[in-house]
$ cat input.cif   # mmCIF, C-alpha atoms and all ligand atoms
data_entry
loop_
_atom_site.label_atom_id
_atom_site.label_comp_id
_atom_site.auth_asym_id
_atom_site.auth_seq_id
_atom_site.Cartn_x
_atom_site.Cartn_y
_atom_site.Cartn_z
CA MET A 1 137.16 79.27 240.83
CA THR A 2 140.04 81.71 240.43
CA ILE A 3 141.36 82.84 237.05
CA LEU A 4 145.15 82.80 236.91
CA ASP A 5 145.33 86.15 235.15
CA GLY A 6 148.56 86.08 233.15
CA LYS A 7 147.80 89.40 231.52
CA LYS A 8 147.62 91.21 234.86
CA VAL A 9 150.60 89.43 236.43
CA SER A 10 152.73 89.96 233.32
CA ASN A 11 151.92 93.68 233.45
CA ASP A 12 152.96 93.75 237.13
CA ILE A 13 156.26 92.06 236.19
CA LYS A 14 156.85 94.50 233.33
CA ASP A 15 156.23 97.42 235.72
CA GLU A 16 158.78 95.95 238.15
CA ILE A 17 161.33 95.52 235.35
CA LYS A 18 160.71 99.05 234.12
CA GLN A 19 161.43 100.39 237.61
CA GLN A 20 164.77 98.57 237.58
CA VAL A 21 165.58 99.91 234.12
CA ASP A 22 164.71 103.44 235.24
CA LYS A 23 167.21 103.03 238.10
CA MET A 24 169.86 101.85 235.62
CA LYS A 25 169.18 104.91 233.45
CA ALA A 26 169.38 107.24 236.46
CA LYS A 27 172.84 105.82 237.19
CA ASN A 28 173.85 106.17 233.50
CA GLU A 29 174.23 102.41 233.23
CA LYS A 30 173.70 100.55 229.99
CA VAL A 31 170.11 99.24 229.69
CA PRO A 32 169.45 95.60 228.68
CA HIS A 33 169.49 94.93 224.93
CA LEU A 34 167.56 91.98 223.47
CA ALA A 35 167.91 90.85 219.85
CA ALA A 36 165.48 88.53 218.08
CA VAL A 37 166.39 86.68 214.90
CA ILE A 38 163.56 85.68 212.61
CA VAL A 39 164.12 83.57 209.51
CA GLY A 40 161.31 83.61 206.92
CA ASN A 41 157.82 85.12 206.89
CA ASP A 42 155.76 82.85 209.13
CA GLY A 43 152.77 84.97 210.27
CA ALA A 44 152.61 83.63 213.83
CA SER A 45 156.38 84.00 214.30
CA LEU A 46 156.29 87.60 213.06
CA THR A 47 153.45 88.33 215.50
CA TYR A 48 155.38 86.80 218.42
CA VAL A 49 158.59 88.68 217.62
CA GLY A 50 156.61 91.92 217.17
CA SER A 51 155.11 91.44 220.65
CA LYS A 52 158.58 90.83 222.11
CA VAL A 53 159.95 94.02 220.53
CA ARG A 54 156.96 96.04 221.83
CA ALA A 55 157.46 94.57 225.31
CA CYS A 56 161.11 95.70 225.22
CA GLU A 57 159.99 99.24 224.36
CA ARG A 58 157.48 99.21 227.23
CA VAL A 59 160.11 98.42 229.87
CA GLY A 60 162.85 100.64 228.38
CA PHE A 61 165.08 97.90 226.94
CA GLU A 62 166.89 98.33 223.67
CA SER A 63 165.81 95.81 221.06
CA THR A 64 166.98 94.69 217.63
CA MET A 65 165.00 92.60 215.20
CA VAL A 66 167.18 90.69 212.73
CA ARG A 67 165.14 89.54 209.74
CA MET A 68 166.58 86.92 207.39
CA SER A 69 164.98 85.47 204.25
CA ASN A 70 163.31 82.08 204.04
CA THR A 71 166.18 80.87 201.82
CA THR A 72 168.87 81.66 204.44
CA SER A 73 171.42 78.85 204.64
CA GLU A 74 172.53 77.23 207.88
CA ILE A 75 176.01 78.76 207.48
CA GLU A 76 174.56 82.26 207.04
CA LEU A 77 172.49 81.88 210.20
CA LEU A 78 175.45 80.48 212.15
CA ASP A 79 177.54 83.48 211.00
CA LYS A 80 174.81 85.84 212.25
CA ILE A 81 174.73 84.02 215.60
CA ASP A 82 178.50 84.33 215.86
CA GLU A 83 178.17 88.07 215.22
CA LEU A 84 175.56 88.41 217.99
CA ASN A 85 177.69 86.30 220.36
CA GLN A 86 180.62 88.69 219.78
CA ASN A 87 178.58 91.90 219.90
CA ASP A 88 179.17 93.36 223.35
CA ASP A 89 176.17 95.65 223.09
CA ILE A 90 173.72 92.69 222.91
CA ASP A 91 172.97 91.14 226.31
CA GLY A 92 170.75 88.34 225.11
CA PHE A 93 169.16 87.06 221.92
CA ILE A 94 166.63 84.55 220.72
CA ILE A 95 166.20 82.61 217.51
CA GLN A 96 162.48 82.49 216.77
CA LEU A 97 161.33 78.93 216.02
CA PRO A 98 160.38 77.15 213.82
CA LEU A 99 163.28 77.49 211.35
CA PRO A 100 163.00 76.59 207.64
CA PRO A 101 163.74 72.92 206.82
CA GLN A 102 167.24 73.54 205.35
CA ILE A 103 168.44 74.60 208.82
CA ASN A 104 169.27 72.16 211.65
CA THR A 105 167.55 73.70 214.70
CA GLN A 106 169.64 71.82 217.25
CA LYS A 107 172.90 72.94 215.64
CA VAL A 108 171.69 76.55 215.64
CA LEU A 109 170.56 76.53 219.29
CA MET A 110 173.91 75.00 220.32
CA ALA A 111 175.74 77.87 218.61
CA VAL A 112 174.20 80.51 220.90
CA ASP A 113 176.57 81.65 223.67
CA PRO A 114 174.96 80.17 226.84
CA SER A 115 175.48 83.50 228.66
CA LYS A 116 173.26 85.20 226.05
CA ASP A 117 170.75 82.32 225.71
CA VAL A 118 167.79 84.11 227.30
CA ASP A 119 165.40 81.46 225.90
CA GLY A 120 167.23 78.86 228.02
CA PHE A 121 167.33 76.37 225.12
CA HIS A 122 171.10 75.66 225.11
CA PRO A 123 171.94 72.21 226.58
CA GLU A 124 174.27 73.86 229.10
CA ASN A 125 171.43 75.97 230.49
CA PHE A 126 168.94 73.09 230.29
CA GLY A 127 171.38 70.91 232.24
CA LYS A 128 171.87 73.58 234.88
CA MET A 129 168.10 73.91 235.23
CA ALA A 130 167.78 70.13 235.72
CA LEU A 131 170.49 70.29 238.41
CA ASP A 132 168.82 73.18 240.30
CA MET A 133 171.66 75.55 239.37
CA SER A 134 171.09 79.23 238.68
CA THR A 135 170.44 79.69 234.95
CA PHE A 136 168.02 80.96 232.30
CA ILE A 137 164.83 78.91 232.71
CA PRO A 138 162.91 78.65 229.38
CA ALA A 139 160.43 81.52 229.32
CA THR A 140 157.15 79.57 229.16
CA PRO A 141 157.90 77.18 232.06
CA PHE A 142 159.42 80.13 233.98
CA GLY A 143 156.18 82.06 233.40
CA ILE A 144 154.06 79.18 234.67
CA LEU A 145 156.16 78.91 237.85
CA GLU A 146 155.85 82.65 238.40
CA LEU A 147 152.07 82.57 237.90
CA LEU A 148 151.66 79.70 240.41
CA ASP A 149 153.98 81.53 242.81
CA ARG A 150 152.19 84.89 242.64
CA TYR A 151 148.79 83.26 243.23
CA GLY A 152 150.26 81.17 246.08
CA VAL A 153 149.07 77.93 244.46
CA GLU A 154 150.32 75.03 246.60
CA THR A 155 152.22 72.44 244.55
CA LYS A 156 153.92 70.44 247.33
CA GLY A 157 152.77 66.83 247.50
CA LYS A 158 150.35 67.38 244.62
CA HIS A 159 150.08 65.09 241.62
CA THR A 160 150.98 67.19 238.58
CA VAL A 161 150.22 65.79 235.14
CA VAL A 162 152.03 67.44 232.23
CA ILE A 163 150.58 66.80 228.77
CA GLY A 164 153.19 67.10 226.01
CA ARG A 165 156.96 66.55 226.24
CA SER A 166 158.39 69.26 223.97
CA HIS A 167 161.88 70.51 224.82
CA ILE A 168 160.58 74.05 225.32
CA VAL A 169 157.51 73.44 227.51
CA GLY A 170 156.47 69.95 228.63
CA ARG A 171 159.87 68.41 229.37
CA PRO A 172 161.29 71.35 231.36
CA MET A 173 157.93 71.81 233.13
CA SER A 174 157.99 68.20 234.31
CA ILE A 175 161.50 68.69 235.73
CA LEU A 176 160.65 71.99 237.42
CA MET A 177 157.45 70.76 239.07
CA GLY A 178 159.34 67.80 240.52
CA ARG A 179 162.29 69.77 241.89
CA LYS A 180 162.78 70.58 245.55
CA GLY A 181 161.35 73.99 246.41
CA PHE A 182 158.36 76.14 245.57
CA PRO A 183 156.77 75.86 243.10
CA GLY A 184 157.80 72.21 242.93
CA ASN A 185 157.81 69.18 245.22
CA SER A 186 155.06 67.70 243.06
CA THR A 187 154.79 64.08 242.03
CA VAL A 188 154.94 64.40 238.28
CA THR A 189 153.51 62.31 235.44
CA LEU A 190 154.68 63.31 231.95
CA THR A 191 152.28 62.22 229.21
CA HIS A 192 152.57 62.29 225.40
CA SER A 193 150.99 60.89 222.26
CA HIS A 194 151.87 57.29 223.20
CA THR A 195 150.31 57.51 226.65
CA LYS A 196 147.53 54.96 227.09
CA ASN A 197 144.28 55.76 228.94
CA ILE A 198 145.17 59.41 229.42
CA THR A 199 141.77 60.14 230.99
CA GLN A 200 142.60 57.70 233.79
CA ILE A 201 145.75 59.74 234.50
CA THR A 202 144.31 63.25 234.12
CA SER A 203 141.31 62.39 236.29
CA GLN A 204 143.70 61.71 239.19
CA ALA A 205 145.63 64.96 238.73
CA ASP A 206 145.62 67.80 241.24
CA ILE A 207 147.39 70.03 238.71
CA ILE A 208 147.29 69.67 234.91
CA ILE A 209 149.70 71.55 232.66
CA SER A 210 148.57 71.07 229.09
CA ALA A 211 151.00 71.77 226.22
CA LEU A 212 150.01 69.69 223.24
CA GLY A 213 148.42 72.11 220.79
CA VAL A 214 145.11 70.29 220.19
CA PRO A 215 142.20 72.72 220.64
CA ASN A 216 139.73 71.77 223.41
CA PHE A 217 141.52 68.44 224.02
CA LEU A 218 140.97 68.44 227.79
CA LYS A 219 137.27 67.98 228.58
CA ALA A 220 135.41 68.31 231.88
CA GLU A 221 134.95 64.53 232.16
CA MET A 222 138.76 64.10 232.12
CA VAL A 223 139.39 66.11 235.31
CA LYS A 224 138.40 65.89 238.95
CA ASP A 225 136.74 68.60 241.05
CA ASP A 226 138.99 71.45 242.26
CA VAL A 227 141.72 70.65 239.73
CA ILE A 228 144.27 73.38 238.93
CA ILE A 229 144.59 73.94 235.19
CA VAL A 230 147.41 75.61 233.26
CA ASP A 231 146.62 75.77 229.54
CA VAL A 232 149.70 76.42 227.40
CA GLY A 233 148.09 75.59 224.05
CA ILE A 234 147.81 78.27 221.40
CA THR A 235 146.13 77.17 218.18
CA ARG A 236 144.74 79.43 215.48
CA VAL A 237 141.28 78.06 214.68
CA PRO A 238 139.57 79.44 211.53
CA ASP A 239 136.71 81.79 212.50
CA GLU A 240 134.85 83.80 209.87
CA THR A 241 133.22 86.00 212.53
CA SER A 242 136.62 87.32 213.64
CA PRO A 243 138.22 90.22 211.68
CA LYS A 244 141.49 88.25 211.61
CA GLY A 245 139.73 85.17 210.19
CA TYR A 246 140.83 83.04 213.15
CA ARG A 247 140.62 82.86 216.91
CA ILE A 248 143.20 81.68 219.43
CA THR A 249 142.14 78.49 221.18
CA GLY A 250 143.76 76.62 224.07
CA ASP A 251 144.05 72.89 224.76
CA VAL A 252 141.32 73.06 227.40
CA ASP A 253 137.54 73.19 226.98
CA PHE A 254 137.52 76.28 229.18
CA GLU A 255 133.76 76.73 229.38
CA ASN A 256 133.14 73.32 230.96
CA VAL A 257 136.47 72.58 232.70
CA SER A 258 136.42 75.96 234.50
CA LYS A 259 133.20 74.87 236.27
CA LYS A 260 135.16 72.10 238.03
CA ALA A 261 138.52 73.86 238.47
CA SER A 262 139.80 75.72 241.54
CA TYR A 263 142.29 77.71 239.43
CA ILE A 264 142.52 77.99 235.64
CA THR A 265 144.45 80.03 233.07
CA PRO A 266 142.44 81.53 230.20
CA VAL A 267 143.53 81.48 226.55
CA PRO A 268 144.34 84.13 225.51
CA GLY A 269 145.51 86.08 228.57
CA GLY A 270 147.08 83.27 230.59
CA VAL A 271 150.44 81.68 229.89
CA GLY A 272 151.11 83.61 226.64
CA PRO A 273 151.73 87.06 228.17
CA MET A 274 153.74 85.47 231.00
CA THR A 275 156.15 83.99 228.45
CA ILE A 276 157.07 87.44 227.13
CA ALA A 277 157.42 88.91 230.63
CA MET A 278 159.85 86.13 231.63
CA LEU A 279 161.89 86.61 228.47
CA LEU A 280 162.35 90.21 229.61
CA LYS A 281 163.27 88.98 233.10
CA ASN A 282 165.91 86.64 231.64
CA THR A 283 167.30 89.52 229.55
CA LEU A 284 167.57 91.70 232.65
CA LEU A 285 169.39 88.83 234.38
CA ALA A 286 171.75 88.51 231.39
CA ARG A 287 172.58 92.25 231.62
CA GLU A 288 173.17 92.03 235.37
CA GLN A 289 175.50 89.06 234.87
CA ARG A 290 177.53 91.04 232.34
CA MET A 291 178.01 94.06 234.63
P1 LIG A 301 154.97 70.37 220.39
O1 LIG A 301 156.41 70.37 220.03
O2 LIG A 301 153.96 70.84 219.39
O3 LIG A 301 154.61 68.90 220.88
C1 LIG A 301 153.34 68.52 221.28
C2 LIG A 301 153.44 67.49 222.37
O4 LIG A 301 152.12 67.03 222.63
C3 LIG A 301 154.27 66.26 221.98
O5 LIG A 301 155.07 65.86 223.07
C4 LIG A 301 153.22 65.21 221.66
O6 LIG A 301 153.62 63.88 221.94
C5 LIG A 301 152.11 65.62 222.60
N1 LIG A 301 150.81 65.16 222.12
C6 LIG A 301 150.28 65.31 220.89
N2 LIG A 301 149.06 64.73 220.83
C7 LIG A 301 148.84 64.19 222.06
C8 LIG A 301 147.76 63.46 222.62
N3 LIG A 301 146.66 63.17 221.93
N4 LIG A 301 147.84 63.08 223.90
C9 LIG A 301 148.94 63.39 224.65
N5 LIG A 301 150.00 64.08 224.17
C10 LIG A 301 149.94 64.47 222.88
O7 LIG A 301 154.73 71.16 221.76
P2 LIG A 301 154.98 72.68 222.14
O8 LIG A 301 155.96 73.34 221.22
O9 LIG A 301 155.23 72.62 223.61
O10 LIG A 301 153.57 73.35 221.86
C11 LIG A 301 152.39 72.89 222.47
C12 LIG A 301 151.33 73.98 222.43
O11 LIG A 301 151.75 75.04 223.26
C13 LIG A 301 151.12 74.60 221.05
O12 LIG A 301 149.76 74.96 220.92
C14 LIG A 301 151.97 75.85 221.08
O13 LIG A 301 151.51 76.86 220.21
C15 LIG A 301 151.79 76.25 222.53
N6 LIG A 301 152.86 77.09 223.07
C16 LIG A 301 152.48 78.18 223.79
C17 LIG A 301 153.43 78.98 224.38
C18 LIG A 301 152.98 80.16 225.18
O14 LIG A 301 153.73 81.10 225.38
N7 LIG A 301 151.76 80.15 225.72
C19 LIG A 301 154.78 78.69 224.24
C20 LIG A 301 155.16 77.54 223.53
C21 LIG A 301 154.18 76.73 222.97
P3 LIG A 301 154.88 63.17 221.16
O15 LIG A 301 156.11 63.71 221.84
O16 LIG A 301 154.67 61.73 221.44
O17 LIG A 301 154.76 63.56 219.74
#

$ encode --input "input.cif" --output "structure tokens"
Amino acid sequence: MTILDGKKVSNDIKDEIKQQVDKMKAKNEKVPHLAAVIVGNDGASLTYVGSKVRACERVGFESTMVRMSNTTSEIELLDKIDELNQNDDIDGFIIQLPLPPQINTQKVLMAVDPSKDVDGFHPENFGKMALDMSTFIPATPFGILELLDRYGVETKGKHTVVIGRSHIVGRPMSILMGRKGFPGNSTVTLTHSHTKNITQITSQADIIISALGVPNFLKAEMVKDDVIIVDVGITRVPDETSPKGYRITGDVDFENVSKKASYITPVPGGVGPMTIAMLLKNTLLAREQRM
């Protein structure tokens, strides 16, 4: 069994990006600048944005965190997005989700200039991705592809089962695994909460990409021997023995499933760090496209 070590690979990617930034600096070129907008005080969102800002510092990017109150109106947020769209110094920006209920998320994501949409959530970029055109691939699916690529995991002709159909992970992942090329050329089954007899489907899978957010959902008896497992789930489970009062748990019963798997991502240290590395990669791409 091989651990798909997202922490290590993401550090390799950050080192590669830093080398490119150092070259830009040596040539007196402008370095990539990422902005992150956060609305409200959600603890997990603040942690994620903090990690993104620290990652920018590590590779030599400029970064800006835009904090807005929980009572921000939709118009105020759209005005801020307009400002970031117009600001020539910003190469790419993200709107940290979830947004408070008074704000229409779809409207907000559609307002981001597609050339600065480094999260790849704008319909224009999503459409390009589905049509195999060059674009910003959403960071989590992009990270999973990169992880499979760097470990040389064969996906051609394999049966890939994706659990969860969110617009940011499951849906794009199902499209990407089925596209022509590597990683891809899989036969894909996309499952969700209305899927019947999911065990019957997962037990036939060569590759399982789990993104549902139910801790320890995928058990050893649901998978076949030598399965390849990518666990996207991140759930904070209360844990009095931890100083933080919680521990991060994936969708997969790692202890038992890993005994049957040929490759598996751990949680934490698997897909999570890859997501941040690929956000940086998309930001570098955005800068290069603006040169
Ligand atoms: P989401 O919007 O929370 O949606 C969950 C999906 O799982 C839905 O499509 C839902 O089906 C499906 N689902 C729920 N219960 C199910 C069941 N019993 N059987 C089969 N499918 C079921 O998804 P998300 O935003 O992609 O998040 C999923 C998990 O990934 C969360 O733990 C999140 O924190 C984590 N995540 C991690 C990263 C990372 O960087 N590692 C990035 C993003 C998300 P319906 O569509 O029918 O409701």

$ residues_near_ligand --input "input.cif" --ligand "ligand LIG 301 (chain A)" --cutoff "9 Å" --atoms "only C-alpha atoms and all ligand atoms" --output "ChimeraX atom specification"
/A:139-141,143,162-171,191-196,198,210-215,217,231-236,249-251,267-268,270-276

$ residues_around --input "input.cif" --residues "Asp5 in chain A" --least-positions-apart "4" --cutoff "9 Å" --atoms "all atoms listed in the file" --output "mmCIF file with C-alpha atoms, keeping the file's coordinate frame"
data_model
loop_
_atom_site.group_PDB
_atom_site.id
_atom_site.type_symbol
_atom_site.label_atom_id
_atom_site.label_comp_id
_atom_site.auth_asym_id
_atom_site.auth_seq_id
_atom_site.Cartn_x
_atom_site.Cartn_y
_atom_site.Cartn_z
ATOM 1 C CA VAL A 9 150.600 89.430 236.430
ATOM 2 C CA SER A 10 152.730 89.960 233.320
ATOM 3 C CA LEU A 147 152.070 82.570 237.900
ATOM 4 C CA ILE A 264 142.520 77.990 235.640
ATOM 5 C CA THR A 265 144.450 80.030 233.070
ATOM 6 C CA PRO A 266 142.440 81.530 230.200
ATOM 7 C CA GLY A 269 145.510 86.080 228.570
ATOM 8 C CA GLY A 270 147.080 83.270 230.590
ATOM 9 C CA VAL A 271 150.440 81.680 229.890
#

$ closest_residue --input "input.cif" --among "A:Thr283, A:Thr202, A:Gln289, A:Thr64" --to "Leu84 in chain A" --atoms "all atoms listed in the file"
A:Thr64

$ closest_residue --input "input.cif" --among "A:Lys80, A:Asp91, A:Asn256, A:Asn282" --to "Asp119 in chain A" --atoms "only C-alpha atoms"
A:Asn282

$ atom_distance --input "input.cif" --atom1 "CA of Gln19 in chain A" --atom2 "CA of Glu62 in chain A"
15.1 Å

$ closest_residue --input "input.cif" --among "A:Ile144, A:Lys128, A:His122, A:Val31" --to "Ala277 in chain A" --atoms "only C-alpha atoms"
A:Ile144

$ axis_aligned_box --input "input.cif" --around "range 202-206 of chain A" --padding-each-side "3 Å" --output "JSON"
{"center_x": 143.5, "center_y": 64.8, "center_z": 237.7, "size_x": 10.3, "size_y": 12.1, "size_z": 13.1}

$ closest_residue --input "input.cif" --among "A:Arg247, A:Leu280, A:Ala35, A:Asp88" --to "Arg58 in chain A" --atoms "only C-alpha atoms"
A:Leu280

$ closest_residue --input "input.cif" --among "A:Ile94, A:Val118, A:Ala220, A:Met65" --to "Leu285 in chain A" --atoms "only C-alpha atoms"
A:Val118

$ atom_distance --input "input.cif" --atom1 "CA of Ala205 in chain A" --atom2 "CA of Phe121 in chain A"
28.0 Å

$ closest_residue --input "input.cif" --among "A:Pro123, A:Thr135, A:Asp225, A:Cys56" --to "Lys14 in chain A" --atoms "only C-alpha atoms"
A:Cys56

$ residues_around --input "input.cif" --residues "Arg287 in chain A" --least-positions-apart "5" --cutoff "10 Å" --atoms "only C-alpha atoms" --output "JSON, numbers by chain"
{"A": [30, 31, 32, 33, 34, 89, 90, 91, 92, 115, 116, 281, 282]}

$ atom_distance --input "input.cif" --atom1 "CA of Val227 in chain A" --atom2 "CA of Val153 in chain A"
11.4 Å

$ residues_around --input "input.cif" --residues "Val59 in chain A" --least-positions-apart "6" --cutoff "8 Å" --atoms "all atoms listed in the file" --output "list in words"
Lys14, Asp15, Ile17, Lys18 and Val21 of chain A

$ write_last_selection --input "input.cif" --atoms "C-alpha atoms" --output "tab-separated table (two decimals), in the coordinates of the input"
chain	number	residue	atom	x	y	z
A	14	LYS	CA	156.85	94.50	233.33
A	15	ASP	CA	156.23	97.42	235.72
A	17	ILE	CA	161.33	95.52	235.35
A	18	LYS	CA	160.71	99.05	234.12
A	21	VAL	CA	165.58	99.91	234.12

$ residues_near_point --input "input.cif" --point "(151.7, 68.9, 247.4)" --cutoff "8 Å" --atoms "all atoms listed in the file" --output "ChimeraX atom specification"
/A:154-159,185-187

$ residues_around --input "input.cif" --residues "Ile137 in chain A" --least-positions-apart "5" --cutoff "8 Å" --atoms "all atoms listed in the file" --output "VMD selection string"
chain A and resid 119 to 120 125 to 126 129 142 282

$ residues_around --input "input.cif" --residues "range 259-261 of chain A" --least-positions-apart "3" --cutoff "10 Å" --atoms "all atoms listed in the file" --output "NGL selection string"
:A and (1-3 or 206-207 or 220-221 or 223-229 or 254-256 or 264)

$ decode --input "input.cif" --residues "range 205-222 of chain A" --atoms "N, CA, C and O atoms" --output "short mmCIF file (atom, residue, chain, number, x, y, z; two decimals), in the first residue's frame"
data_model
loop_
_atom_site.label_atom_id
_atom_site.label_comp_id
_atom_site.auth_asym_id
_atom_site.auth_seq_id
_atom_site.Cartn_x
_atom_site.Cartn_y
_atom_site.Cartn_z
N ALA A 205 -15.43 -0.58 -7.83
CA ALA A 205 -14.58 0.53 -8.27
C ALA A 205 -13.10 0.19 -8.20
O ALA A 205 -12.63 -0.43 -7.25
N ASP A 206 -12.36 0.64 -9.24
CA ASP A 206 -10.90 0.56 -9.19
C ASP A 206 -10.35 1.78 -8.44
O ASP A 206 -9.32 1.72 -7.79
N ILE A 207 -11.05 2.92 -8.63
CA ILE A 207 -10.64 4.18 -7.99
C ILE A 207 -11.88 4.77 -7.33
O ILE A 207 -12.94 4.83 -7.95
N ILE A 208 -11.76 5.20 -6.08
CA ILE A 208 -12.88 5.88 -5.42
C ILE A 208 -12.42 7.26 -4.97
O ILE A 208 -11.39 7.40 -4.29
N ILE A 209 -13.16 8.28 -5.39
CA ILE A 209 -12.88 9.65 -4.96
C ILE A 209 -14.07 10.07 -4.10
O ILE A 209 -15.19 10.21 -4.61
N SER A 210 -13.83 10.21 -2.81
CA SER A 210 -14.93 10.44 -1.88
C SER A 210 -14.97 11.89 -1.42
O SER A 210 -14.02 12.39 -0.84
N ALA A 211 -16.08 12.57 -1.72
CA ALA A 211 -16.24 13.98 -1.34
C ALA A 211 -17.67 14.20 -0.88
O ALA A 211 -18.46 14.84 -1.55
N LEU A 212 -18.00 13.62 0.27
CA LEU A 212 -19.36 13.83 0.79
C LEU A 212 -19.39 14.51 2.15
O LEU A 212 -20.37 15.16 2.48
N GLY A 213 -18.33 14.37 2.94
CA GLY A 213 -18.31 15.06 4.22
C GLY A 213 -19.02 14.31 5.33
O GLY A 213 -19.55 14.91 6.25
N VAL A 214 -19.02 12.97 5.25
CA VAL A 214 -19.56 12.13 6.33
C VAL A 214 -18.40 11.31 6.88
O VAL A 214 -17.86 10.44 6.18
N PRO A 215 -17.97 11.59 8.13
CA PRO A 215 -16.78 10.93 8.66
C PRO A 215 -16.89 9.40 8.63
O PRO A 215 -17.93 8.85 8.99
N ASN A 216 -15.82 8.76 8.16
CA ASN A 216 -15.72 7.29 8.13
C ASN A 216 -16.87 6.62 7.39
O ASN A 216 -17.27 5.50 7.73
N PHE A 217 -17.39 7.28 6.37
CA PHE A 217 -18.51 6.72 5.58
C PHE A 217 -18.09 5.46 4.84
O PHE A 217 -18.80 4.46 4.82
N LEU A 218 -16.91 5.51 4.22
CA LEU A 218 -16.48 4.39 3.36
C LEU A 218 -15.74 3.35 4.19
O LEU A 218 -14.65 3.59 4.71
N LYS A 219 -16.36 2.18 4.31
CA LYS A 219 -15.81 1.10 5.15
C LYS A 219 -15.11 0.05 4.29
O LYS A 219 -15.38 -0.05 3.09
N ALA A 220 -14.29 -0.76 4.95
CA ALA A 220 -13.51 -1.78 4.23
C ALA A 220 -14.41 -2.73 3.43
O ALA A 220 -14.06 -3.14 2.32
N GLU A 221 -15.58 -3.05 3.98
CA GLU A 221 -16.45 -4.02 3.27
C GLU A 221 -17.12 -3.41 2.04
O GLU A 221 -17.77 -4.09 1.27
N MET A 222 -16.91 -2.09 1.81
CA MET A 222 -17.50 -1.44 0.63
C MET A 222 -16.52 -1.36 -0.54
O MET A 222 -16.87 -0.81 -1.59
#
